[in-house]
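*Asks:* Sharing work.cif (mmCIF, C-alpha atoms) below.
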data_my_file
#
loop_
_atom_site.label_atom_id
_atom_site.label_comp_id
_atom_site.auth_asym_id
_atom_site.auth_seq_id
_atom_site.Cartn_x
_atom_site.Cartn_y
_atom_site.Cartn_z
CA MET A 1 80.79 -34.04 103.19
CA THR A 2 81.33 -30.33 102.53
CA ASP A 3 81.01 -27.88 105.41
CA LEU A 4 78.63 -25.11 104.26
CA THR A 5 79.02 -22.98 107.40
CA PRO A 6 79.45 -19.34 106.34
CA THR A 7 82.69 -17.68 107.34
CA ALA A 8 83.68 -14.04 107.62
CA GLY A 9 84.18 -12.37 104.28
CA VAL A 10 82.22 -14.96 102.26
CA PHE A 11 78.93 -13.05 102.20
CA PRO A 12 78.26 -10.47 99.50
CA THR A 13 78.71 -6.92 100.69
CA SER A 14 75.74 -4.72 101.48
CA GLY A 15 77.94 -1.66 101.11
CA ALA A 16 78.50 0.97 103.77
CA PHE A 17 77.25 4.34 104.93
CA ILE A 18 79.48 7.37 104.46
CA GLY A 19 77.64 10.20 106.14
CA ARG A 20 74.07 10.05 104.85
CA GLU A 21 75.13 8.30 101.64
CA HIS A 22 75.06 4.56 101.12
CA HIS A 23 77.92 3.27 98.94
CA LEU A 24 77.56 -0.11 97.22
CA PRO A 25 80.42 -1.53 95.13
CA VAL A 26 79.43 -3.23 91.87
CA ARG A 27 81.76 -5.12 89.50
CA ILE A 28 80.85 -5.27 85.81
CA TYR A 29 80.81 -8.79 84.39
CA TYR A 30 80.48 -10.03 80.83
CA GLU A 31 76.79 -10.81 81.45
CA ASP A 32 76.17 -7.11 82.18
CA THR A 33 77.37 -5.96 78.77
CA ASP A 34 76.25 -5.95 75.17
CA PHE A 35 78.35 -7.36 72.35
CA THR A 36 80.67 -4.31 72.45
CA GLY A 37 81.59 -4.76 76.13
CA VAL A 38 79.52 -1.74 77.22
CA VAL A 39 77.00 -2.10 80.04
CA TYR A 40 73.49 -2.63 78.67
CA HIS A 41 71.39 0.41 79.65
CA ALA A 42 68.72 -1.53 81.57
CA ASN A 43 71.36 -2.94 83.92
CA TYR A 44 71.92 0.50 85.45
CA VAL A 45 68.33 0.29 86.74
CA ARG A 46 69.26 -3.05 88.37
CA TYR A 47 72.29 -1.47 90.06
CA PHE A 48 70.11 1.37 91.34
CA GLU A 49 67.65 -1.19 92.75
CA ARG A 50 70.47 -2.99 94.56
CA GLY A 51 71.60 0.32 96.04
CA ARG A 52 68.12 1.16 97.36
CA SER A 53 67.58 -2.35 98.74
CA ASP A 54 70.97 -2.57 100.46
CA PHE A 55 70.52 0.93 101.92
CA LEU A 56 67.31 -0.26 103.58
CA ARG A 57 68.96 -3.52 104.71
CA LEU A 58 71.84 -1.66 106.42
CA ALA A 59 69.39 0.83 107.95
CA GLY A 60 67.68 -2.13 109.67
CA ILE A 61 64.66 -2.33 107.35
CA SER A 62 63.91 -5.78 106.00
CA HIS A 63 61.59 -6.31 103.05
CA SER A 64 60.35 -9.49 104.73
CA ASP A 65 59.49 -7.52 107.91
CA LEU A 66 57.35 -5.17 105.81
CA LEU A 67 55.53 -8.14 104.31
CA ASP A 68 55.02 -9.88 107.67
CA GLY A 69 53.79 -6.88 109.71
CA ASP A 70 50.29 -6.08 110.96
CA GLN A 71 49.56 -4.35 107.66
CA PRO A 72 51.80 -5.92 104.99
CA THR A 73 53.30 -3.28 102.72
CA ALA A 74 55.51 -3.19 99.66
CA PHE A 75 57.19 -0.61 97.43
CA VAL A 76 56.55 0.37 93.85
CA ILE A 77 58.58 2.75 91.74
CA THR A 78 56.29 5.49 90.46
CA ARG A 79 58.92 7.60 88.71
CA MET A 80 62.54 7.17 87.71
CA GLU A 81 64.48 9.74 85.77
CA VAL A 82 67.88 8.48 84.63
CA ASP A 83 70.65 10.50 83.02
CA PHE A 84 73.36 8.42 81.36
CA LYS A 85 76.63 10.35 81.35
CA ARG A 86 79.34 7.83 80.42
CA ALA A 87 79.56 4.17 79.43
CA ALA A 88 80.62 1.58 81.95
CA ARG A 89 82.54 -1.39 80.56
CA ILE A 90 83.40 -4.96 81.41
CA ASP A 91 85.64 -5.29 84.51
CA ASP A 92 84.86 -1.76 85.74
CA ALA A 93 84.54 -1.31 89.48
CA LEU A 94 81.61 1.01 90.11
CA THR A 95 80.00 2.49 93.19
CA VAL A 96 76.25 3.02 93.50
CA VAL A 97 75.64 5.98 95.83
CA THR A 98 72.13 6.24 97.29
CA THR A 99 70.45 8.84 99.48
CA TYR A 100 66.94 8.60 100.83
CA ASP A 101 66.10 12.29 100.77
CA SER A 102 62.59 12.59 102.20
CA VAL A 103 59.20 11.01 102.68
CA LYS A 104 55.85 12.66 102.02
CA GLY A 105 52.69 10.64 102.61
CA PRO A 106 53.21 7.29 100.87
CA ARG A 107 56.10 8.59 98.72
CA LEU A 108 59.84 8.19 99.27
CA PHE A 109 62.25 10.40 97.33
CA VAL A 110 65.63 8.88 96.50
CA GLY A 111 68.72 10.26 94.78
CA GLN A 112 71.25 7.91 93.20
CA THR A 113 74.48 8.05 91.25
CA ILE A 114 76.80 5.48 89.75
CA LEU A 115 80.47 6.37 89.82
CA ARG A 116 83.65 4.88 88.39
CA GLY A 117 86.12 6.35 90.86
CA THR A 118 85.09 10.01 90.83
CA GLU A 119 83.71 9.90 87.28
CA LEU A 120 79.91 10.16 87.00
CA ILE A 121 78.48 7.29 84.94
CA ALA A 122 74.74 7.70 85.56
CA GLN A 123 72.40 9.45 87.95
CA ALA A 124 68.76 8.98 88.86
CA GLN A 125 65.98 10.64 90.75
CA VAL A 126 63.57 8.01 92.01
CA HIS A 127 60.09 8.26 93.51
CA ALA A 128 58.90 5.16 95.31
CA ALA A 129 55.53 4.63 96.96
CA CYS A 130 54.52 2.40 99.82
CA ILE A 131 51.45 0.31 99.00
CA THR A 132 49.22 -2.25 100.66
CA MET A 133 49.17 -5.75 99.25
CA ALA A 134 45.93 -4.74 97.49
CA GLY A 135 47.89 -2.05 95.63
CA ARG A 136 46.54 0.98 97.52
CA PRO A 137 48.94 3.76 98.57
CA CYS A 138 49.67 3.90 102.30
CA LYS A 139 52.07 5.70 104.59
CA PRO A 140 55.27 3.77 105.26
CA PRO A 141 55.26 1.99 108.62
CA ALA A 142 56.27 4.35 111.45
CA GLY A 143 59.20 2.12 112.42
CA MET A 144 60.59 2.37 108.90
CA VAL A 145 60.35 6.16 108.86
CA GLU A 146 62.08 6.31 112.26
CA LYS A 147 64.94 4.15 110.98
CA LEU A 148 65.33 6.28 107.83
CA ALA A 149 65.00 9.67 109.57
CA PRO A 150 68.74 10.07 110.33
CA TRP A 151 69.48 9.90 106.57
CA PHE A 152 66.81 12.28 105.27
CA ALA A 153 67.97 15.56 103.77
CA VAL A 154 64.59 17.06 104.65
CA SER A 155 62.59 16.26 107.76
CA ALA A 156 60.03 13.50 107.35
CA SER A 157 56.42 14.66 107.31
#
Using structure tokens, write down the structure from this file.

*Replies:*
Amino acid sequence: MTDLTPTAGVFPTSGAFIGREHHLPVRIYYEDTDFTGVVYHANYVRYFERGRSDFLRLAGISHSDLLDGDQPTAFVITRMEVDFKRAARIDDALTVVTTYDSVKGPRLFVGQTILRGTELIAQAQVHAACITMAGRPCKPPAGMVEKLAPWFAVSAS
């Protein structure tokens, strides 16, 4: 019988905070690329999503906690502006850098970049909104805002 007990270093990384930035390493695999070996453009959106999710995870905010609370809430992306600067290629080691910049009402404002070393590959400005399970906008739970407050560039309102 195989022992499936997790050991140190076996789990995928959730990245790390450097100042107010969250850094998430991403390796480019064949499945991420098109037939030329260049990363397919939609995959950058996936990397940005991983960066936002792992930022929240490391900040102590669990998606399952938001769903199981007194008033279950979720997030939707209401706006994403992406600038593609360079092509990433198979085997590249990239870093997704995420900052949660501010919150206003139900909206969260997020800045993200993807780097290969110090070279800018892509950048995005993201607006997310907190919603009820019925799809109505709502303010993020107070506990979530408290946990994010140390990373905001602008005071939460």

*Asks:* Could you tell me which residues the PyMOL selection byres ((chain A and resi 121) around 7) returns for this structure, as a list in words?

*Replies:*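 Answer for the PyMOL selection byres ((chain A and resi 121) around 7): Phe84, Lys85, Arg86, Ala87, Ala88, Ile114, Leu115, Arg116, Glu119, Leu120 and Ala122 of chain A.
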
*Asks:* Please, what distance in Å, to one decimal, runs between atom CA of A:Thr78 and atom CA of A:Val126?

*Replies:*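 Separation of atom CA of A:Thr78 and atom CA of A:Val126: 7.9 Å.
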
*Asks:* Name the residues in contact with A:Gly135 at a cut-off of 10 Å, using all atoms listed in the file, excluding same-chain residues fewer than 2 positions from it; report them as a list in words.

*Replies:*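 Once the nearby chain positions are removed, what remains is Thr73, Ala74, Phe75, Val76, Cys130, Ile131, Thr132, Met133, Pro137 and Cys138 of chain A.
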
*Asks:* Mind checking which residues fall within 10 Å of A:Pro141, counting only C-alpha atoms, ignoring those fewer than 4 positions away in the same chain, and posting them as a list in words?

*Replies:*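 Those residues are Leu66, Gly69, Asp70, Gln71, Pro72, Thr73, Pro106, Cys130, Val145 and Glu146 of chain A.
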
*Asks:* Would you kindly translate the PyMOL selection byres ((chain A and resi 95-100) around 6) into the concrete residues it picks from this file, as JSON, numbers by chain?

*Replies:* {"A": [21, 22, 23, 24, 25, 26, 51, 94, 101, 110, 111, 112, 113, 114, 115, 152]}

*Asks:* Determine the residue set returned by the PyMOL selection byres ((chain A and resi 27) around 6) for the present structure, and present it as a list in words.

*Replies:*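 Selected by the PyMOL selection byres ((chain A and resi 27) around 6) here: Val26, Ile28, Asp92 and Ala93 of chain A.
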